[in-house]
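Q: coords_12.cif is reproduced in full below (mmCIF, C-alpha atoms).
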```cif
data_data
loop_
_atom_site.label_atom_id
_atom_site.label_comp_id
_atom_site.auth_asym_id
_atom_site.auth_seq_id
_atom_site.Cartn_x
_atom_site.Cartn_y
_atom_site.Cartn_z
CA MET A 259 0.00 0.00 0.00
CA PRO A 260 1.47 3.41 -0.95
CA VAL A 261 2.55 5.58 1.94
CA GLU A 262 0.48 8.67 2.82
CA PHE A 263 1.65 11.97 4.30
CA LEU A 264 -0.38 14.06 6.74
CA GLY A 265 0.45 17.68 7.53
CA ILE A 266 -1.12 20.41 9.63
CA ALA A 267 -3.78 22.85 8.41
CA ALA A 268 -3.03 25.54 10.99
CA THR A 269 -5.14 28.70 10.90
CA HIS A 270 -2.26 30.97 12.00
CA ASP A 271 1.54 30.98 11.98
CA GLY A 272 2.18 30.43 15.69
CA SER A 273 3.94 27.37 17.10
CA GLU A 274 5.87 26.27 20.17
CA THR A 275 8.81 28.39 19.01
CA GLY A 276 7.05 31.65 18.18
CA ALA A 277 3.88 33.63 18.85
CA ARG A 278 1.39 34.05 16.04
CA SER A 279 1.61 37.28 14.09
CA GLY A 280 -2.12 37.72 13.52
CA PRO A 281 -5.55 36.51 14.66
CA ALA A 282 -6.39 32.93 15.63
CA PHE A 283 -8.08 32.51 12.26
CA ASP A 284 -6.06 34.14 9.52
CA PRO A 285 -7.84 33.30 6.24
CA GLU A 286 -4.93 34.24 4.00
CA TYR A 287 -2.38 32.23 5.97
CA THR A 288 -4.75 29.27 6.29
CA LEU A 289 -5.03 28.95 2.51
CA ARG A 290 -1.36 29.68 1.91
CA LEU A 291 -0.33 26.85 4.23
CA ALA A 292 -2.87 24.41 2.79
CA ARG A 293 -1.74 25.18 -0.76
CA ALA A 294 1.89 24.73 0.24
CA HIS A 295 1.07 21.21 1.41
CA ARG A 296 -0.84 20.42 -1.77
CA ASP A 297 1.92 21.80 -3.99
CA HIS A 298 4.68 19.90 -2.19
CA GLY A 299 3.34 16.36 -2.31
CA TRP A 300 1.34 15.99 0.90
CA ASP A 301 -1.86 13.92 0.76
CA ARG A 302 -3.89 15.34 3.65
CA VAL A 303 -3.84 18.04 6.32
CA LEU A 304 -5.38 18.09 9.79
CA THR A 305 -7.59 20.83 11.17
CA ALA A 306 -6.87 20.38 14.86
CA TYR A 307 -9.09 20.94 17.89
CA GLY A 308 -8.58 23.01 21.04
CA SER A 309 -11.18 24.29 23.46
CA GLY A 310 -10.58 27.91 22.44
CA SER A 311 -9.41 27.40 18.86
CA PRO A 312 -11.24 28.17 15.61
CA ASP A 313 -13.82 25.53 14.70
CA PRO A 314 -11.94 22.81 12.79
CA ALA A 315 -15.02 21.82 10.76
CA GLN A 316 -15.53 25.34 9.45
CA ALA A 317 -11.82 25.80 8.84
CA ALA A 318 -11.78 22.52 6.91
CA THR A 319 -14.77 23.54 4.80
CA TYR A 320 -13.07 26.84 4.01
CA ILE A 321 -9.96 25.00 2.83
CA LEU A 322 -11.92 22.40 0.88
CA ASP A 323 -13.82 25.16 -0.90
CA HIS A 324 -10.63 27.00 -1.93
CA VAL A 325 -7.97 24.29 -2.36
CA GLU A 326 -8.46 21.41 -4.77
CA ASP A 327 -6.66 18.04 -4.69
CA LEU A 328 -6.02 18.06 -0.95
CA GLN A 329 -7.64 15.72 1.57
CA LEU A 330 -8.78 16.99 4.98
CA LEU A 331 -8.65 15.24 8.36
CA VAL A 332 -11.13 17.05 10.60
CA ALA A 333 -10.71 16.78 14.37
CA HIS A 334 -13.93 16.41 16.34
CA ARG A 335 -14.75 15.90 20.02
CA PRO A 336 -17.89 13.88 20.86
CA ASN A 337 -18.82 16.29 23.65
CA LEU A 338 -19.51 19.02 21.07
CA SER A 339 -22.71 17.73 19.51
CA ILE A 340 -24.91 14.67 19.28
CA PRO A 341 -23.65 12.13 16.72
CA THR A 342 -26.67 12.30 14.40
CA PHE A 343 -26.08 16.03 13.94
CA ALA A 344 -22.34 15.51 13.45
CA ALA A 345 -23.02 12.79 10.88
CA LYS A 346 -25.04 15.25 8.80
CA THR A 347 -22.35 17.93 9.16
CA PHE A 348 -19.58 15.66 7.89
CA ALA A 349 -21.74 14.07 5.18
CA THR A 350 -22.52 17.54 3.87
CA MET A 351 -18.84 18.50 4.02
CA ASP A 352 -17.88 15.33 2.16
CA ALA A 353 -20.46 16.05 -0.54
CA ILE A 354 -19.28 19.67 -0.88
CA SER A 355 -15.64 18.59 -1.18
CA GLY A 356 -16.09 15.78 -3.65
CA GLY A 357 -15.27 13.09 -1.10
CA ARG A 358 -12.15 14.49 0.59
CA VAL A 359 -13.07 14.20 4.29
CA THR A 360 -11.78 11.95 7.06
CA VAL A 361 -12.93 12.51 10.65
CA HIS A 362 -10.53 12.30 13.59
CA VAL A 363 -12.52 11.54 16.74
CA ILE A 364 -10.94 12.88 19.94
CA THR A 365 -11.99 11.40 23.27
CA GLY A 366 -10.00 13.92 25.32
CA GLY A 367 -7.16 12.97 27.63
CA SER A 368 -7.34 15.91 30.05
CA ASP A 369 -10.20 16.43 32.49
CA HIS A 370 -9.26 20.10 32.75
CA GLU A 371 -9.32 20.68 28.99
CA GLN A 372 -12.66 18.88 28.65
CA ALA A 373 -14.14 20.90 31.52
CA ARG A 374 -13.36 24.13 29.66
CA GLU A 375 -16.34 23.26 27.46
CA GLY A 376 -18.49 21.79 30.19
CA ASP A 377 -17.64 18.10 29.68
CA ARG A 378 -17.64 16.51 33.17
CA LEU A 379 -17.52 12.83 32.27
CA SER A 380 -14.68 10.73 33.64
CA LYS A 381 -12.06 9.46 31.22
CA ASP A 382 -13.52 5.95 31.15
CA GLU A 383 -16.99 7.39 30.55
CA ARG A 384 -15.63 9.52 27.72
CA TYR A 385 -14.22 6.43 26.02
CA GLY A 386 -17.57 4.69 26.32
CA ARG A 387 -19.24 7.71 24.76
CA THR A 388 -16.67 7.79 21.96
CA ARG A 389 -17.32 4.18 21.05
CA GLU A 390 -21.06 4.78 20.77
CA TYR A 391 -20.41 7.99 18.82
CA MET A 392 -18.27 6.23 16.24
CA GLN A 393 -20.78 3.41 15.88
CA ILE A 394 -23.59 5.90 15.28
CA LEU A 395 -21.59 7.91 12.73
CA LYS A 396 -20.94 4.77 10.70
CA GLN A 397 -24.57 3.74 10.70
CA ALA A 398 -25.86 7.25 9.99
CA TRP A 399 -23.64 7.42 6.92
CA THR A 400 -24.58 4.00 5.55
CA ARG A 401 -28.18 3.17 6.57
CA SER A 402 -30.94 4.23 4.21
CA GLU A 403 -33.91 3.11 6.32
CA PRO A 404 -35.02 4.71 9.62
CA TRP A 405 -33.37 3.08 12.64
CA ASP A 406 -33.26 3.25 16.42
CA TYR A 407 -30.38 3.32 18.86
CA ALA A 408 -30.30 2.72 22.62
CA GLY A 409 -26.97 2.99 24.38
CA GLU A 410 -25.58 4.27 27.65
CA HIS A 411 -24.90 7.76 26.29
CA TYR A 412 -27.21 8.13 23.29
CA ALA A 413 -30.71 7.00 22.43
CA PHE A 414 -33.03 7.93 19.57
CA GLU A 415 -35.78 6.47 17.40
CA ASP A 416 -36.68 6.54 13.72
CA PHE A 417 -33.61 8.47 12.54
CA VAL A 418 -32.47 8.50 8.93
CA ALA A 419 -30.14 11.03 7.30
CA ASP A 420 -31.20 12.39 3.96
CA VAL A 421 -27.77 13.86 3.18
CA ARG A 422 -25.23 11.18 2.23
CA PRO A 423 -21.44 11.37 2.08
CA LEU A 424 -19.97 11.11 -1.38
CA GLN A 425 -17.41 8.49 -0.32
CA SER A 426 -18.60 4.91 -0.50
CA PRO A 427 -19.43 3.33 1.79
CA ARG A 428 -18.55 6.23 4.11
CA PRO A 429 -15.72 8.56 5.23
CA ASN A 430 -12.98 6.96 7.30
CA LEU A 431 -12.76 7.47 11.06
CA SER A 432 -9.40 8.22 12.63
CA PHE A 433 -8.73 7.81 16.35
CA GLY A 434 -5.77 8.04 18.73
CA GLY A 435 -4.82 7.11 22.27
CA SER A 436 -2.35 5.08 24.29
CA SER A 437 -4.37 3.80 27.25
CA ALA A 438 -6.00 0.38 27.59
CA ALA A 439 -9.41 1.98 27.07
CA ALA A 440 -8.17 3.76 23.95
CA TYR A 441 -6.77 0.58 22.43
CA ALA A 442 -10.08 -1.20 23.04
CA VAL A 443 -12.19 1.53 21.44
CA GLY A 444 -9.88 2.35 18.55
CA GLY A 445 -9.09 -1.29 17.87
CA ALA A 446 -12.80 -2.00 17.57
CA GLU A 447 -13.99 1.07 15.67
CA ALA A 448 -11.21 3.06 13.96
CA ASP A 449 -10.23 2.85 10.31
CA ILE A 450 -6.97 4.66 11.12
CA TYR A 451 -5.23 4.41 14.51
CA ALA A 452 -3.03 7.43 15.25
CA LEU A 453 0.08 7.20 17.43
CA TRP A 454 2.75 9.69 18.46
CA GLY A 455 6.35 9.07 17.49
CA GLU A 456 8.13 6.61 19.78
CA PRO A 457 11.15 4.35 19.23
CA LEU A 458 10.63 1.57 16.74
CA ALA A 459 10.40 -1.15 19.38
CA ASP A 460 7.79 0.81 21.37
CA THR A 461 5.80 1.57 18.22
CA ALA A 462 5.84 -2.12 17.30
CA GLU A 463 4.50 -2.91 20.77
CA GLN A 464 1.66 -0.44 20.31
CA ILE A 465 0.79 -1.79 16.87
CA ARG A 466 0.59 -5.30 18.28
CA THR A 467 -1.70 -4.02 21.05
CA VAL A 468 -3.98 -2.25 18.57
CA HIS A 469 -4.16 -5.36 16.40
CA ALA A 470 -4.94 -7.56 19.42
CA ALA A 471 -7.77 -5.21 20.40
CA ALA A 472 -9.12 -5.28 16.86
CA ARG A 473 -9.09 -9.09 16.77
CA ALA A 474 -10.73 -9.22 20.21
CA ALA A 475 -13.53 -7.08 18.77
CA GLY A 476 -14.01 -9.60 15.96
CA ARG A 477 -12.28 -7.64 13.22
CA THR A 478 -10.41 -9.39 10.43
CA THR A 479 -9.19 -6.17 8.78
CA MET A 480 -6.81 -4.22 10.98
CA PRO A 481 -6.89 -0.43 11.38
CA ARG A 482 -4.31 1.41 9.34
CA ILE A 483 -1.56 2.88 11.53
CA GLN A 484 -0.48 6.53 11.58
CA VAL A 485 2.57 7.87 13.44
CA ALA A 486 3.41 11.55 13.99
CA PHE A 487 6.78 13.35 14.22
CA ARG A 488 8.36 16.81 14.24
CA PRO A 489 11.10 16.75 11.56
CA ILE A 490 14.13 19.02 11.98
CA LEU A 491 16.22 19.05 8.79
CA GLY A 492 19.68 20.28 7.90
CA VAL A 493 21.90 20.14 4.83
CA THR A 494 24.40 18.23 7.01
CA GLU A 495 23.95 16.19 10.18
CA GLU A 496 25.81 18.87 12.11
CA ALA A 497 23.56 21.61 10.78
CA ALA A 498 20.45 19.59 11.64
CA TRP A 499 21.55 19.07 15.24
CA GLU A 500 22.52 22.71 15.62
CA LYS A 501 19.02 23.60 14.44
CA ALA A 502 17.50 21.04 16.82
CA TYR A 503 19.17 22.49 19.90
CA ALA A 504 18.27 26.03 18.80
CA THR A 505 14.66 24.87 18.44
CA VAL A 506 14.56 23.53 21.99
CA ALA A 507 16.10 26.76 23.29
CA ARG A 508 13.25 28.73 21.70
CA ILE A 509 10.66 26.32 23.12
CA GLU A 510 12.13 26.64 26.61
CA GLU A 511 12.17 30.41 26.32
CA ARG A 512 8.49 30.34 25.38
CA THR A 513 7.53 27.97 28.19
CA GLN A 514 9.12 29.89 31.06
CA GLY A 515 6.00 30.46 33.13
CA GLY A 516 4.81 26.93 33.36
CA ALA A 517 2.65 26.24 30.32
CA VAL A 518 3.22 25.65 26.65
CA PRO A 519 1.77 28.70 24.86
CA LEU A 520 -0.72 26.74 22.81
CA THR A 521 -4.49 26.98 22.67
CA ASN A 522 -4.90 23.97 24.95
CA ARG A 523 -2.21 25.19 27.40
CA HIS A 524 -0.81 21.71 27.96
CA ARG A 525 0.82 21.18 31.36
CA LEU A 526 4.57 20.69 31.34
CA GLN A 527 4.53 18.27 34.28
CA ASN A 528 2.33 15.34 35.24
CA PRO A 529 0.12 15.26 32.13
CA GLU A 530 -3.11 13.28 32.51
CA ASN A 531 -3.17 11.52 29.16
CA ALA A 532 -1.36 8.24 28.59
CA GLY A 533 0.19 9.34 25.29
CA SER A 534 2.08 12.23 26.89
CA GLN A 535 3.08 10.02 29.80
CA ARG A 536 4.55 7.52 27.34
CA LEU A 537 6.55 10.22 25.54
CA LEU A 538 7.99 11.51 28.81
CA ALA A 539 8.82 7.96 29.90
CA VAL A 540 10.73 7.43 26.66
CA ALA A 541 12.57 10.73 27.25
CA THR A 542 13.75 9.50 30.66
CA ARG A 543 15.32 6.48 28.93
CA GLY A 544 17.41 8.62 26.61
CA GLU A 545 17.56 11.47 24.13
CA ARG A 546 18.28 9.58 20.90
CA PHE A 547 16.82 6.36 19.52
CA ASP A 548 17.14 4.42 16.28
CA ARG A 549 18.31 6.46 13.28
CA ALA A 550 17.03 9.92 14.11
CA LEU A 551 14.39 9.99 16.88
CA TRP A 552 15.04 12.75 19.43
CA THR A 553 12.99 13.09 22.62
CA VAL A 554 14.22 16.46 23.94
CA THR A 555 11.50 18.37 22.09
CA ALA A 556 8.89 16.16 23.76
CA LYS A 557 10.43 16.72 27.19
CA ALA A 558 10.49 20.49 26.63
CA THR A 559 6.74 20.53 25.99
CA GLY A 560 5.72 18.05 28.66
CA GLY A 561 4.94 15.47 26.02
CA GLY A 562 2.40 17.84 24.53
CA GLY A 563 0.82 16.24 21.50
CA ASN A 564 2.94 15.40 18.50
CA SER A 565 6.31 16.44 19.94
CA THR A 566 9.09 13.90 19.31
CA ALA A 567 11.50 14.96 16.59
CA LEU A 568 13.32 13.27 13.74
CA VAL A 569 16.65 15.07 13.28
CA GLY A 570 19.08 14.85 10.40
CA THR A 571 19.60 15.39 6.71
CA PRO A 572 16.65 14.70 4.40
CA GLU A 573 18.23 11.34 3.59
CA THR A 574 18.51 10.39 7.27
CA VAL A 575 14.97 11.45 8.12
CA ALA A 576 13.57 9.71 5.02
CA ALA A 577 15.34 6.49 5.98
CA ALA A 578 13.95 6.77 9.52
CA LEU A 579 10.43 7.19 8.16
CA VAL A 580 10.85 4.15 5.91
CA ASP A 581 11.78 2.17 9.03
CA TYR A 582 8.32 2.98 10.42
CA TRP A 583 6.69 2.07 7.11
CA ASP A 584 8.50 -1.27 7.37
CA LEU A 585 6.76 -1.82 10.73
CA GLY A 586 3.37 -1.43 9.06
CA VAL A 587 2.81 2.32 9.42
CA ASP A 588 0.76 3.53 6.46
CA VAL A 589 0.32 7.23 7.30
CA LEU A 590 3.29 9.42 8.25
CA SER A 591 2.30 12.64 10.00
CA ALA A 592 4.78 15.50 10.23
CA ARG A 593 4.89 19.21 11.00
CA GLY A 594 7.75 21.53 11.66
CA TYR A 595 8.08 24.56 13.89
CA ASP A 596 8.09 27.12 11.08
CA LEU A 597 4.91 25.65 9.68
CA LEU A 598 4.97 27.05 6.16
CA ALA A 599 8.69 26.87 5.39
CA ASP A 600 9.05 23.45 7.00
CA ALA A 601 6.06 22.04 5.10
CA GLU A 602 7.62 23.17 1.84
CA GLU A 603 11.09 21.88 2.76
CA PHE A 604 9.83 18.49 3.97
CA GLY A 605 7.65 18.10 0.89
CA ARG A 606 10.49 19.04 -1.42
CA GLU A 607 13.36 17.17 0.27
CA VAL A 608 11.89 14.19 2.18
CA ILE A 609 8.57 13.06 0.70
CA PRO A 610 10.01 12.13 -2.75
CA LEU A 611 12.77 10.06 -1.09
CA VAL A 612 10.28 8.13 1.04
CA ARG A 613 7.86 7.54 -1.81
CA ALA A 614 10.64 6.29 -4.08
CA GLU A 615 12.01 3.89 -1.46
CA VAL A 616 8.56 2.59 -0.56
CA ALA A 617 7.77 2.03 -4.26
CA ARG A 618 11.06 0.16 -4.67
CA ARG A 619 10.37 -2.09 -1.68
CA GLU A 620 6.83 -2.79 -2.85
CA ALA A 621 8.09 -3.68 -6.33
CA GLU A 622 10.55 -6.12 -4.74
CA GLY A 623 7.81 -7.60 -2.56
CA ARG A 624 9.66 -6.75 0.63
CA PRO A 625 7.80 -7.94 3.76
CA ARG A 626 6.57 -5.37 6.25
CA GLY A 627 4.88 -5.47 9.63
CA VAL A 628 5.93 -5.61 13.26
CA ASP A 629 7.79 -8.89 12.76
CA THR A 630 10.30 -7.13 10.47
CA LEU A 631 11.77 -5.37 13.52
CA THR A 632 12.87 -8.69 15.00
CA ALA A 633 14.04 -9.91 11.63
CA ALA A 634 16.21 -6.81 11.18
#
```
Since I need it in another form, could you write the structure as C-alpha cells?
A:
Amino acid sequence: MPVEFLGIAATHDGSETGARSGPAFDPEYTLRLARAHRDHGWDRVLTAYGSGSPDPAQAATYILDHVEDLQLLVAHRPNLSIPTFAAKTFATMDAISGGRVTVHVITGGSDHEQAREGDRLSKDERYGRTREYMQILKQAWTRSEPWDYAGEHYAFEDFVADVRPLQSPRPNLSFGGSSAAAYAVGGAEADIYALWGEPLADTAEQIRTVHAAARAAGRTTMPRIQVAFRPILGVTEEAAWEKAYATVARIEERTQGGAVPLTNRHRLQNPENAGSQRLLAVATRGERFDRALWTVTAKATGGGGNSTALVGTPETVAAALVDYWDLGVDVLSARGYDLLADAEEFGREVIPLVRAEVARREAEGRPRGVDTLTAA
C-alpha cells in the first residue's frame, strides 16, 4: 500500500517556538499553508481541535472550498454535539468537497481541557461515549432506512439522514490514544489508529496491542496505523543538530511560566493523558533512539501532543520514516516549527525520497509489519 503523508492545516503561523503574528483565524495564511502542502506532495492536512481554537469543521470547509486536490482530516470531540447532527455535518462537508473528508474523533485525555467546554464525564466514561459515537456515525452514513439506537450515552428512534457522504461506503474514522481503554475503542472502531512518534520497538508494541484489540472485537481487517513526528532538517547532520538544539532553546524560552503557549495550554509536568506520559517515559530512557528519533523536544513541551523529533539530513529522516513504514505504518504525520517553510522543505526534500524507497520495496515484494523489527 502506498505511503500517505499528513500535515497540519493551521489557521495561524504560531507554534511552540514563536507567537502568532495575527488573529487565531487568519484566512490568508490558512489557505497559503494548505496550498503549500498540496503543492509539495502531501496527501492530507489536519484541522486540529482546542477548546478555544477556531472551529476545525468550518476551517476545513473553508480549505476544501478553496484548495483542490487536498484531503482533509477534521478533528472532532464527541462532547460538542450529538452524533446524528455531526453525521449530517460531515456528510454535507464530504459532498461539498467531492469526497475528501476523514474525521478524527478525539476522546480527550485531560479532564481540565474537557471541563473548559463543560464536559464533566470521567475518562472511562468519555471512552464509552466515543465508542457509541463512532458506531452511530458509521450507521448514519450507511443506513438508508429509519433506525433506532439505545446505548448508555445516546438513544433515539426513527432516525435517517437524507444527506449522504460522497465516499462509499462512508468517510474513514481516525482515532488516537495510548491507554488500555483507547486501544479497546480504537481497535474496535477506527479505520486509522493514530500514534505519536516513539522508538521503533515501542511503536511495534503499540501496533501489536492495537491489532490484538481489533481481533478481540471480531475484526479481520486491521486499522491502518499513523505515526506523527516533528522533523528538523539540515543540509548536514551537524547543521540539523545545531538547528535542533536552537529549536529547543526557543521552546524553553516560550515555556518559562509553566505552560506551553498553545491553545490547549498543555501542562509541562504530570500530564493526565497516557500518550504524553509515554513520551515523557521514553525521554527518561534517553535522548536519541534508532536512526534519528530525538525526545528532547517532547520533554520540553511536557509530552504535549505530536512532539518527538526526527533530526538529520533529508536522507537520514527519510530512511527513519521508511523504518516505520517497514513496521506497518501507512500514514506518516509531520509538521515543523516554522509551519509554512518546513512544510515546503519536507515536501520538497523528504517526501520524494520516502515515496521512491517505498515504491522500490513494494516492487521487490519486501515484507513489512511488526515482525520485520525482530528480523532486522
Q: Decode the PyMOL selection byres ((chain A and resi 541) around 8) for the given file into explicit residues and return them as a list in words.
A: Leu537, Leu538, Ala539, Val540, Thr542, Arg543, Gly544, Glu545, Thr553, Val554, Ala556 and Lys557 of chain A
Q: Find the distance between atom CA of A:Glu602 and atom CA of A:Ile266 and write it in Å to one decimal.
A: 12.0 Å
Q: Applied to this file, what does the PyMOL selection byres ((chain A and resi 597) around 12) return in terms of residues, put as an NGL selection string?
A: :A and (265-276 or 278 or 287-288 or 290-292 or 294-295 or 488-490 or 592-596 or 598-605)
Q: To one decimal place in Å, what is the distance between atom CA of A:Thr555 and atom CA of A:Arg508?
A: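 These two atoms are separated by 10.5 Å.
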Q: Taking the file as I've supplied it (selection: the PyMOL selection byres ((chain A and resi 323-326) around 9)), which residues are included? Please answer as number ranges by chain.
A: A: 289, 292-293, 296, 318-322, 327-329, 354-355
Q: May I ask which of the residues A:Glu607, A:Glu615, A:Asp301, A:Glu371 is the closest one to A:Gly492, counting all atoms listed in the file?
A: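 Residue with the minimum atom-to-atom distance to A:Gly492: A:Glu607.
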Q: For A:Asp284, which residue among A:Tyr582, A:Ser311, A:Phe263, A:His411 is the nearest when counting all atoms listed in the file?
A: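 Of all the options, A:Ser311 lies closest to A:Asp284.
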